[in-house]
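Participant: Below is the file entry.csv, which contains CSV, C-alpha atoms.
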```csv
chain,number,residue,atom,x,y,z
J,1,MET,CA,1.1,-19.9,-6.6
J,2,ALA,CA,3.7,-21.7,-4.4
J,3,GLN,CA,6.7,-19.4,-3.9
J,4,LYS,CA,5.4,-16.8,-6.4
J,5,VAL,CA,6.3,-13.3,-5.2
J,6,CYS,CA,3.2,-11.0,-5.1
J,7,MET,CA,3.1,-7.4,-4.2
J,8,ILE,CA,-0.2,-5.7,-3.2
J,9,THR,CA,-0.5,-2.0,-2.5
J,10,GLY,CA,-3.0,-0.8,0.2
J,11,ALA,CA,-2.8,-4.2,1.8
J,12,ASN,CA,-3.7,-3.4,5.4
J,13,SER,CA,-7.5,-3.3,4.9
J,14,GLY,CA,-10.3,-4.0,2.6
J,15,ILE,CA,-9.8,-5.6,-0.8
J,16,GLY,CA,-6.0,-5.4,-0.5
J,17,LYS,CA,-5.9,-7.2,2.8
J,18,GLU,CA,-8.2,-10.0,1.6
J,19,THR,CA,-6.3,-10.4,-1.6
J,20,ALA,CA,-3.0,-10.7,0.4
J,21,GLU,CA,-4.6,-13.3,2.7
J,22,LYS,CA,-5.9,-15.4,-0.2
J,23,LEU,CA,-2.7,-15.4,-2.1
J,24,ALA,CA,-0.8,-16.3,1.1
J,25,GLU,CA,-3.2,-19.2,1.5
J,26,LEU,CA,-2.3,-20.3,-2.0
J,27,GLY,CA,1.4,-20.5,-1.1
J,28,ALA,CA,2.6,-17.1,-2.5
J,29,ILE,CA,5.3,-15.0,-0.9
J,30,VAL,CA,3.2,-11.9,-0.2
J,31,VAL,CA,4.7,-8.4,0.0
J,32,MET,CA,2.2,-6.0,1.6
J,33,VAL,CA,2.6,-2.3,0.8
J,34,CYS,CA,1.1,0.0,3.5
J,35,ARG,CA,1.5,3.6,4.5
J,36,SER,CA,1.1,3.1,8.3
J,37,LYS,CA,3.6,0.9,10.1
J,38,GLU,CA,1.2,0.2,13.0
J,39,ARG,CA,-1.7,-0.7,10.8
J,40,GLY,CA,0.5,-2.7,8.4
J,41,GLU,CA,2.1,-4.8,11.2
J,42,LYS,CA,-1.3,-5.5,12.7
J,43,ALA,CA,-2.8,-6.6,9.4
J,44,MET,CA,0.3,-8.7,8.6
J,45,ALA,CA,0.0,-10.6,11.9
J,46,GLU,CA,-3.7,-11.2,11.2
J,47,ILE,CA,-3.0,-12.4,7.6
J,48,LYS,CA,-0.2,-14.8,8.8
J,49,LYS,CA,-2.5,-16.3,11.4
J,50,ARG,CA,-5.5,-16.8,9.1
J,51,SER,CA,-3.5,-18.0,6.1
J,52,HIS,CA,-1.2,-20.2,8.2
J,53,SER,CA,1.7,-18.7,6.2
J,54,GLU,CA,4.8,-17.0,7.5
J,55,SER,CA,5.7,-15.9,3.9
J,56,VAL,CA,4.2,-12.5,4.4
J,57,GLU,CA,6.2,-9.3,4.7
J,58,LEU,CA,5.6,-5.6,5.0
J,59,LEU,CA,7.1,-2.6,3.1
J,60,LEU,CA,6.1,0.9,3.9
J,61,ALA,CA,5.3,3.6,1.3
J,62,ASP,CA,3.2,6.7,1.0
J,63,LEU,CA,1.7,6.9,-2.5
J,64,ALA,CA,1.2,10.6,-2.0
J,65,SER,CA,4.9,10.9,-2.5
J,66,LEU,CA,6.7,9.9,-5.7
J,67,ASP,CA,10.0,9.8,-3.8
J,68,SER,CA,8.4,7.2,-1.4
J,69,VAL,CA,7.3,5.1,-4.4
J,70,ARG,CA,10.9,5.2,-5.8
J,71,ALA,CA,12.2,4.1,-2.4
J,72,LEU,CA,9.7,1.3,-2.3
J,73,ALA,CA,10.8,0.0,-5.6
J,74,LYS,CA,14.4,0.1,-4.7
J,75,GLU,CA,13.9,-1.6,-1.3
J,76,PHE,CA,11.8,-4.4,-2.9
J,77,GLN,CA,14.5,-5.0,-5.6
J,78,GLU,CA,17.2,-5.2,-3.0
J,79,LYS,CA,15.2,-7.9,-1.1
J,80,HIS,CA,13.7,-9.9,-4.0
J,81,ASP,CA,15.1,-11.1,-7.3
J,82,ALA,CA,11.6,-11.9,-8.7
J,83,LEU,CA,8.1,-10.4,-8.9
J,84,HIS,CA,5.4,-12.6,-10.4
J,85,VAL,CA,2.3,-10.5,-9.5
J,86,LEU,CA,1.8,-6.8,-8.9
J,87,VAL,CA,-1.6,-5.8,-7.6
J,88,ASN,CA,-2.1,-2.0,-7.8
J,89,ASN,CA,-4.9,-1.7,-5.3
J,90,ALA,CA,-4.5,1.3,-3.0
J,91,GLY,CA,-6.9,4.2,-3.5
J,92,VAL,CA,-8.4,7.3,-1.9
J,93,ALA,CA,-11.3,9.7,-2.7
J,94,ARG,CA,-10.9,13.2,-1.4
J,95,VAL,CA,-14.1,15.2,-0.8
J,96,ARG,CA,-12.2,18.5,-1.1
J,97,ARG,CA,-9.4,19.1,-3.5
J,98,SER,CA,-5.9,18.7,-2.0
J,99,THR,CA,-2.5,18.3,-3.4
J,100,THR,CA,0.4,15.9,-2.6
J,101,VAL,CA,4.0,16.9,-1.7
J,102,ASP,CA,4.6,16.6,-5.4
J,103,GLY,CA,2.0,19.2,-6.2
J,104,PHE,CA,-0.5,16.8,-7.9
J,105,GLU,CA,-4.2,16.4,-7.1
J,106,THR,CA,-4.2,13.7,-4.4
J,107,THR,CA,-6.8,11.3,-5.8
J,108,PHE,CA,-5.1,11.3,-9.2
J,109,GLN,CA,-1.7,10.7,-7.8
J,110,VAL,CA,-2.6,8.0,-5.2
J,111,ASP,CA,-5.1,6.1,-7.3
J,112,TYR,CA,-3.2,6.3,-10.6
J,113,LEU,CA,0.0,8.2,-11.0
J,114,SER,CA,2.0,6.5,-8.2
J,115,HIS,CA,0.9,3.1,-9.5
J,116,TYR,CA,2.1,4.1,-13.0
J,117,LEU,CA,5.5,5.0,-11.6
J,118,LEU,CA,5.7,1.9,-9.3
J,119,THR,CA,4.8,-0.4,-12.2
J,120,ASN,CA,7.4,1.0,-14.5
J,121,LEU,CA,10.1,0.9,-11.9
J,122,LEU,CA,9.3,-2.8,-11.3
J,123,LEU,CA,9.0,-3.8,-14.9
J,124,GLN,CA,12.4,-5.3,-15.2
J,125,SER,CA,11.6,-7.6,-12.2
J,126,LEU,CA,8.3,-8.6,-13.8
J,127,LYS,CA,9.9,-9.3,-17.1
J,128,LYS,CA,12.7,-11.4,-15.5
J,129,SER,CA,10.0,-13.4,-13.7
J,130,ALA,CA,7.7,-13.9,-16.7
J,131,PRO,CA,5.1,-15.2,-17.1
J,132,SER,CA,4.0,-12.5,-14.7
J,133,ARG,CA,0.9,-10.4,-14.2
J,134,ILE,CA,0.0,-6.8,-13.4
J,135,ILE,CA,-3.5,-6.2,-12.0
J,136,ASN,CA,-4.9,-2.7,-11.6
J,137,VAL,CA,-7.9,-2.4,-9.4
J,138,SER,CA,-10.2,0.2,-11.1
J,139,SER,CA,-13.9,0.8,-10.6
J,140,VAL,CA,-17.2,0.9,-12.4
J,141,SER,CA,-16.9,4.6,-11.7
J,142,HIS,CA,-14.6,4.9,-14.7
J,143,TYR,CA,-17.6,4.8,-16.9
J,144,GLY,CA,-18.5,8.3,-15.8
J,145,GLY,CA,-14.9,9.5,-16.0
J,146,HIS,CA,-13.3,11.8,-18.5
J,147,LEU,CA,-9.7,12.9,-18.9
J,148,ASN,CA,-9.5,16.7,-19.4
J,149,PHE,CA,-5.9,17.1,-20.4
J,150,ASP,CA,-6.3,20.9,-20.2
J,151,ASP,CA,-7.1,20.5,-16.5
J,152,ILE,CA,-6.1,17.0,-15.4
J,153,GLN,CA,-5.3,18.3,-11.9
J,154,MET,CA,-8.9,19.6,-11.6
J,155,LYS,CA,-8.0,23.1,-10.5
J,156,ARG,CA,-11.4,24.1,-11.8
J,157,GLY,CA,-14.7,22.5,-10.9
J,158,TYR,CA,-13.4,19.8,-8.5
J,159,GLY,CA,-15.8,17.2,-7.3
J,160,VAL,CA,-15.0,14.0,-5.4
J,161,MET,CA,-16.7,11.7,-7.9
J,162,ARG,CA,-15.3,13.6,-10.9
J,163,ALA,CA,-11.8,13.2,-9.4
J,164,TYR,CA,-12.3,9.5,-8.5
J,165,SER,CA,-13.8,8.6,-11.9
J,166,GLN,CA,-11.0,10.4,-13.8
J,167,ALA,CA,-8.4,8.5,-11.8
J,168,LYS,CA,-10.1,5.1,-12.3
J,169,LEU,CA,-10.4,5.8,-16.1
J,170,ALA,CA,-6.7,6.7,-16.1
J,171,GLN,CA,-6.0,3.3,-14.6
J,172,VAL,CA,-8.0,1.5,-17.4
J,173,LEU,CA,-6.3,3.6,-20.2
J,174,PHE,CA,-2.9,2.9,-18.6
J,175,THR,CA,-3.7,-0.9,-18.4
J,176,TYR,CA,-4.5,-1.1,-22.1
J,177,GLU,CA,-1.5,1.0,-23.2
J,178,LEU,CA,0.8,-1.0,-20.9
J,179,SER,CA,-0.5,-4.2,-22.4
J,180,ARG,CA,0.2,-3.0,-25.9
J,181,ARG,CA,3.8,-2.0,-24.9
J,182,LEU,CA,4.4,-5.4,-23.1
J,183,GLN,CA,3.4,-7.6,-26.0
J,184,GLY,CA,5.9,-10.5,-26.4
J,185,THR,CA,7.5,-10.0,-22.9
J,186,GLY,CA,5.4,-12.6,-21.1
J,187,VAL,CA,4.0,-9.9,-18.8
J,188,THR,CA,0.3,-9.3,-18.9
J,189,ALA,CA,-1.7,-6.3,-17.7
J,190,ASN,CA,-5.4,-6.4,-16.8
J,191,CYS,CA,-7.8,-4.3,-14.8
J,192,LEU,CA,-11.0,-4.8,-12.9
J,193,HIS,CA,-14.0,-3.6,-11.0
J,194,PRO,CA,-14.2,-5.5,-7.7
J,195,GLY,CA,-17.8,-4.7,-7.1
J,196,ALA,CA,-19.3,-2.2,-4.7
J,197,VAL,CA,-17.2,-3.1,-1.7
J,198,ALA,CA,-17.7,-2.0,1.9
J,199,THR,CA,-14.1,-0.7,2.4
J,200,ASN,CA,-12.7,1.9,4.7
J,201,MET,CA,-13.2,4.5,2.0
J,202,TRP,CA,-16.9,4.6,2.9
J,203,GLY,CA,-16.0,5.1,6.6
J,204,ARG,CA,-13.9,8.2,6.1
J,205,PRO,CA,-15.2,11.7,6.8
J,206,MET,CA,-17.2,13.0,3.9
J,207,GLY,CA,-18.4,16.3,5.3
J,208,PRO,CA,-22.1,16.8,4.6
J,209,PHE,CA,-22.2,13.5,2.6
J,210,SER,CA,-21.1,11.3,5.5
J,211,PHE,CA,-24.6,9.9,6.0
J,212,LEU,CA,-24.5,8.6,2.4
J,213,GLY,CA,-21.5,6.5,3.2
J,214,LYS,CA,-23.3,5.0,6.2
J,215,ILE,CA,-26.4,4.2,4.1
J,216,ALA,CA,-24.3,2.8,1.2
J,217,ARG,CA,-22.5,0.3,3.4
J,218,LEU,CA,-25.8,-1.4,4.0
J,219,PHE,CA,-25.9,-2.4,0.3
J,220,LEU,CA,-22.2,-3.1,-0.3
J,221,ILE,CA,-20.5,-6.5,-0.6
J,222,SER,CA,-17.8,-7.7,1.7
J,223,PRO,CA,-14.1,-7.1,1.0
J,224,GLU,CA,-13.7,-10.9,0.9
J,225,LYS,CA,-16.2,-11.0,-2.0
J,226,GLY,CA,-14.5,-8.0,-3.6
J,227,ALA,CA,-11.2,-9.7,-3.6
J,228,GLU,CA,-12.4,-12.7,-5.6
J,229,THR,CA,-11.7,-11.0,-9.0
J,230,PRO,CA,-8.1,-9.7,-8.2
J,231,VAL,CA,-7.2,-13.1,-6.7
J,232,TYR,CA,-8.6,-14.8,-9.8
J,233,LEU,CA,-6.6,-12.6,-12.1
J,234,ALA,CA,-3.5,-13.1,-10.0
J,235,SER,CA,-3.7,-16.9,-9.8
J,236,SER,CA,-6.1,-18.6,-12.2
J,237,PRO,CA,-4.7,-20.6,-15.1
J,238,GLU,CA,-7.8,-19.6,-17.0
J,239,VAL,CA,-6.4,-16.1,-17.6
J,240,GLU,CA,-2.8,-17.2,-18.4
J,241,GLY,CA,-1.7,-15.0,-21.3
J,242,ALA,CA,-4.8,-12.8,-21.3
J,243,SER,CA,-3.9,-9.1,-21.4
J,244,GLY,CA,-5.4,-5.7,-22.0
J,245,LYS,CA,-8.8,-6.7,-20.6
J,246,TYR,CA,-11.3,-5.3,-18.1
J,247,TYR,CA,-13.0,-7.8,-15.7
J,248,GLU,CA,-16.0,-7.8,-13.4
J,249,GLN,CA,-17.1,-10.8,-11.3
J,250,LYS,CA,-14.2,-12.8,-12.9
J,251,ARG,CA,-15.6,-12.2,-16.3
J,252,ASN,CA,-14.2,-10.1,-19.2
J,253,LYS,CA,-16.4,-7.1,-19.8
J,254,GLU,CA,-16.3,-4.0,-22.1
J,255,SER,CA,-15.1,-0.9,-20.4
J,256,SER,CA,-16.1,2.6,-21.3
J,257,ALA,CA,-15.9,4.0,-24.8
J,258,GLU,CA,-13.3,6.5,-23.8
J,259,SER,CA,-11.1,3.8,-22.3
J,260,TYR,CA,-10.4,2.4,-25.8
J,261,ASP,CA,-9.2,5.7,-27.2
J,262,MET,CA,-5.6,4.9,-28.1
J,263,ALA,CA,-4.7,8.6,-28.7
J,264,SER,CA,-5.8,9.4,-25.1
J,265,ALA,CA,-3.9,6.4,-23.7
J,266,GLN,CA,-0.7,7.5,-25.5
J,267,ARG,CA,-1.1,11.1,-24.4
J,268,LEU,CA,-1.8,10.0,-20.8
J,269,TRP,CA,1.4,7.9,-20.9
J,270,LYS,CA,3.5,10.8,-22.1
J,271,GLU,CA,2.0,13.2,-19.6
J,272,SER,CA,2.6,10.7,-16.9
J,273,GLU,CA,6.2,10.3,-17.9
J,274,LYS,CA,6.6,14.1,-17.5
J,275,MET,CA,4.9,14.2,-14.2
J,276,THR,CA,6.9,11.3,-12.7
J,277,GLY,CA,10.2,12.2,-14.4
J,278,LEU,CA,10.5,8.8,-15.9
J,279,PRO,CA,13.0,8.3,-18.7
J,280,ILE,CA,11.8,6.7,-21.9
J,281,SER,CA,14.7,4.3,-21.6
J,282,LEU,CA,13.0,1.9,-19.2
J,283,GLY,CA,12.9,-0.8,-21.9
J,284,ILE,CA,9.2,-0.3,-22.9
J,285,ALA,CA,8.6,0.0,-26.6
J,286,PRO,CA,6.6,3.1,-27.7
```
Spell out the structure here as structure tokens.
Facilitator:
Amino acid sequence: MAQKVCMITGANSGIGKETAEKLAELGAIVVMVCRSKERGEKAMAEIKKRSHSESVELLLADLASLDSVRALAKEFQEKHDALHVLVNNAGVARVRRSTTVDGFETTFQVDYLSHYLLTNLLLQSLKKSAPSRIINVSSVSHYGGHLNFDDIQMKRGYGVMRAYSQAKLAQVLFTYELSRRLQGTGVTANCLHPGAVATNMWGRPMGPFSFLGKIARLFLISPEKGAETPVYLASSPEVEGASGKYYEQKRNKESSAESYDMASAQRLWKESEKMTGLPISLGIAP
């Protein structure tokens, strides 16, 4: 991984922070993407100290804003000529339905839609740096997910796990469709379940369900353990050329039945293009 440029979203805590640290230890140039300047700078200092690497930098972006994602991609491309690994890791789970500045349901946008946009905006950098890898951090929750295209923003019957599971299923569908569209480019796309990890998500206020988060943390694995699979997919020669796969504990595993529905994947792609305002002329074959 020496001098390989790696971008990780949500890199100031949890799986993202551990992934950034491990890749820095391996000699990568790590680009941390964080929403908070204060938390990002603190995490960056800790990662540099523990990894014994100064090749760690911070870019700020709020994934609840598509304009912020566009600015992130532009700033990155102004600073770097190459991108070898993109780890789409950042995520939220909102107990009550809320919308972003763009008018989209927050969990859907932060966990999936903004990563769809960021990935597409950075594709030329990834292609130019091939062989390169895209890694989407999904969740075992996707097995319970369903995409209701008539109400993908969940204006009716919102529930925190329904929203989270839908967004994580969208990530898997996106991964598979992206892999199909990138065949022959040298860019691979894979997704994963990191394990039930004790991240900050479980420490956030969950209203009457807050006690469940505290109990759950007793049975969850550490972020360091959860980072093993994304680091493996980012760096291991064992998965060189592997694409369009779902991993758990560094092993390829079948995802949900719905995640293999090509019609749903293609429809999701088209809907995502409309929502993000992306042109079809980004150089990705239909």
Participant: Determine the nearest neighbour of Gln3 in chain J from the options J:Gln77, J:Ser98, J:Ser55, J:Thr175, counting only C-alpha atoms.
Facilitator: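 Closest candidate: J:Ser55.
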Participant: I'd like the neighbourhood of Leu169 in chain J as a list in words, where a residue qualifies if any of its atoms comes within 9 Å (using all atoms listed in the file), though same-chain residues fewer than 4 positions away should be ignored.
Facilitator: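 The contact residues come out as Ser138, Ser139, Ser141, His142, Tyr143, Gly144, Gly145, His146, Leu147, Tyr164, Ser165, Leu173, Phe174, Ser256, Glu258 and Ser259 of chain J.
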Participant: What does the file look like for those residues with C-alpha atoms, as an mmCIF file, in the frame of the given file?
Facilitator:
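out_9.cif, freshly written:
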```
data_model
loop_
_atom_site.group_PDB
_atom_site.id
_atom_site.type_symbol
_atom_site.label_atom_id
_atom_site.label_comp_id
_atom_site.auth_asym_id
_atom_site.auth_seq_id
_atom_site.Cartn_x
_atom_site.Cartn_y
_atom_site.Cartn_z
ATOM 1 C CA SER J 138 -10.200 0.200 -11.100
ATOM 2 C CA SER J 139 -13.900 0.800 -10.600
ATOM 3 C CA SER J 141 -16.900 4.600 -11.700
ATOM 4 C CA HIS J 142 -14.600 4.900 -14.700
ATOM 5 C CA TYR J 143 -17.600 4.800 -16.900
ATOM 6 C CA GLY J 144 -18.500 8.300 -15.800
ATOM 7 C CA GLY J 145 -14.900 9.500 -16.000
ATOM 8 C CA HIS J 146 -13.300 11.800 -18.500
ATOM 9 C CA LEU J 147 -9.700 12.900 -18.900
ATOM 10 C CA TYR J 164 -12.300 9.500 -8.500
ATOM 11 C CA SER J 165 -13.800 8.600 -11.900
ATOM 12 C CA LEU J 173 -6.300 3.600 -20.200
ATOM 13 C CA PHE J 174 -2.900 2.900 -18.600
ATOM 14 C CA SER J 256 -16.100 2.600 -21.300
ATOM 15 C CA GLU J 258 -13.300 6.500 -23.800
ATOM 16 C CA SER J 259 -11.100 3.800 -22.300
#
```
Participant: What's the separation between CA of Arg180 in chain J and CA of Leu66 in chain J, in Å to one decimal place?
Facilitator: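 Computing it gives 24.8 Å between the two atoms.
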Participant: Go ahead and find all residues with at least one atom no further than 8 Å from (2.1, -1.0, -10.1) in the file's coordinates, using only C-alpha atoms; report them as a PyMOL selection string.
Facilitator: chain J and resi 86-88+114-120+122+134-136
Participant: Within 10 Å of (-0.9, -5.4, -2.4), in the coordinates the file gives, what residues turn up when you count all atoms listed in the file, written out as a JSON list (two decimals) with C-alpha atoms, keeping the file's coordinate frame?
Facilitator:
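The file below, part27.json, is the result:
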```json
[["chain", "number", "residue", "atom", "x", "y", "z"],
["J", 6, "CYS", "CA", 3.20, -11.00, -5.10],
["J", 7, "MET", "CA", 3.10, -7.40, -4.20],
["J", 8, "ILE", "CA", -0.20, -5.70, -3.20],
["J", 9, "THR", "CA", -0.50, -2.00, -2.50],
["J", 10, "GLY", "CA", -3.00, -0.80, 0.20],
["J", 11, "ALA", "CA", -2.80, -4.20, 1.80],
["J", 12, "ASN", "CA", -3.70, -3.40, 5.40],
["J", 15, "ILE", "CA", -9.80, -5.60, -0.80],
["J", 16, "GLY", "CA", -6.00, -5.40, -0.50],
["J", 17, "LYS", "CA", -5.90, -7.20, 2.80],
["J", 18, "GLU", "CA", -8.20, -10.00, 1.60],
["J", 19, "THR", "CA", -6.30, -10.40, -1.60],
["J", 20, "ALA", "CA", -3.00, -10.70, 0.40],
["J", 30, "VAL", "CA", 3.20, -11.90, -0.20],
["J", 31, "VAL", "CA", 4.70, -8.40, 0.00],
["J", 32, "MET", "CA", 2.20, -6.00, 1.60],
["J", 33, "VAL", "CA", 2.60, -2.30, 0.80],
["J", 34, "CYS", "CA", 1.10, 0.00, 3.50],
["J", 58, "LEU", "CA", 5.60, -5.60, 5.00],
["J", 85, "VAL", "CA", 2.30, -10.50, -9.50],
["J", 86, "LEU", "CA", 1.80, -6.80, -8.90],
["J", 87, "VAL", "CA", -1.60, -5.80, -7.60],
["J", 88, "ASN", "CA", -2.10, -2.00, -7.80],
["J", 89, "ASN", "CA", -4.90, -1.70, -5.30],
["J", 90, "ALA", "CA", -4.50, 1.30, -3.00],
["J", 135, "ILE", "CA", -3.50, -6.20, -12.00]]
```
Participant: For CA of Ala2 in chain J and CA of Ala24 in chain J, quote the distance in Å rounded to one decimal.
Facilitator: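 Going from CA of Ala2 in chain J over to CA of Ala24 in chain J covers 8.9 Å.
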Participant: Quick one, how far is CA of Glu240 in chain J from CA of His52 in chain J?
Facilitator: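 A separation of 26.8 Å between them.
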Participant: My list of candidates is J:Ala82, J:Ala64, J:Ala234, J:Met275. Which is closest to Leu26 in chain J when distances are computed with all atoms listed in the file?
Facilitator: J:Ala234
Participant: Check the smallest atom-to-atom distance from each of J:Met154, J:Leu268, J:Val140, J:Leu126 to Thr106 in chain J using all atoms listed in the file, then report the winner.
Facilitator: J:Met154
Participant: Choose the residue, out of J:Lys128, J:Arg35, J:Lys225, J:Arg133, that has the smallest atom-to-atom separation from Ala61 in chain J; count only C-alpha atoms.
Facilitator: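 Looking only at the distances to Ala61 in chain J, the closest residue turns out to be J:Arg35.
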Participant: Taking into account only C-alpha atoms, which residue in the set J:Glu105, J:Ser125, J:Ser132, J:Ala227 is nearest to Ile152 in chain J?
Facilitator: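 Of all the options, J:Glu105 lies closest to Ile152 in chain J.
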Participant: Nearest to Val110 in chain J among J:Gln171, J:Gln124, J:Asn190, J:Ser53, with distances taken over only C-alpha atoms: which residue is it?
Facilitator: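 Ranked by minimum distance to Val110 in chain J, first place goes to J:Gln171.
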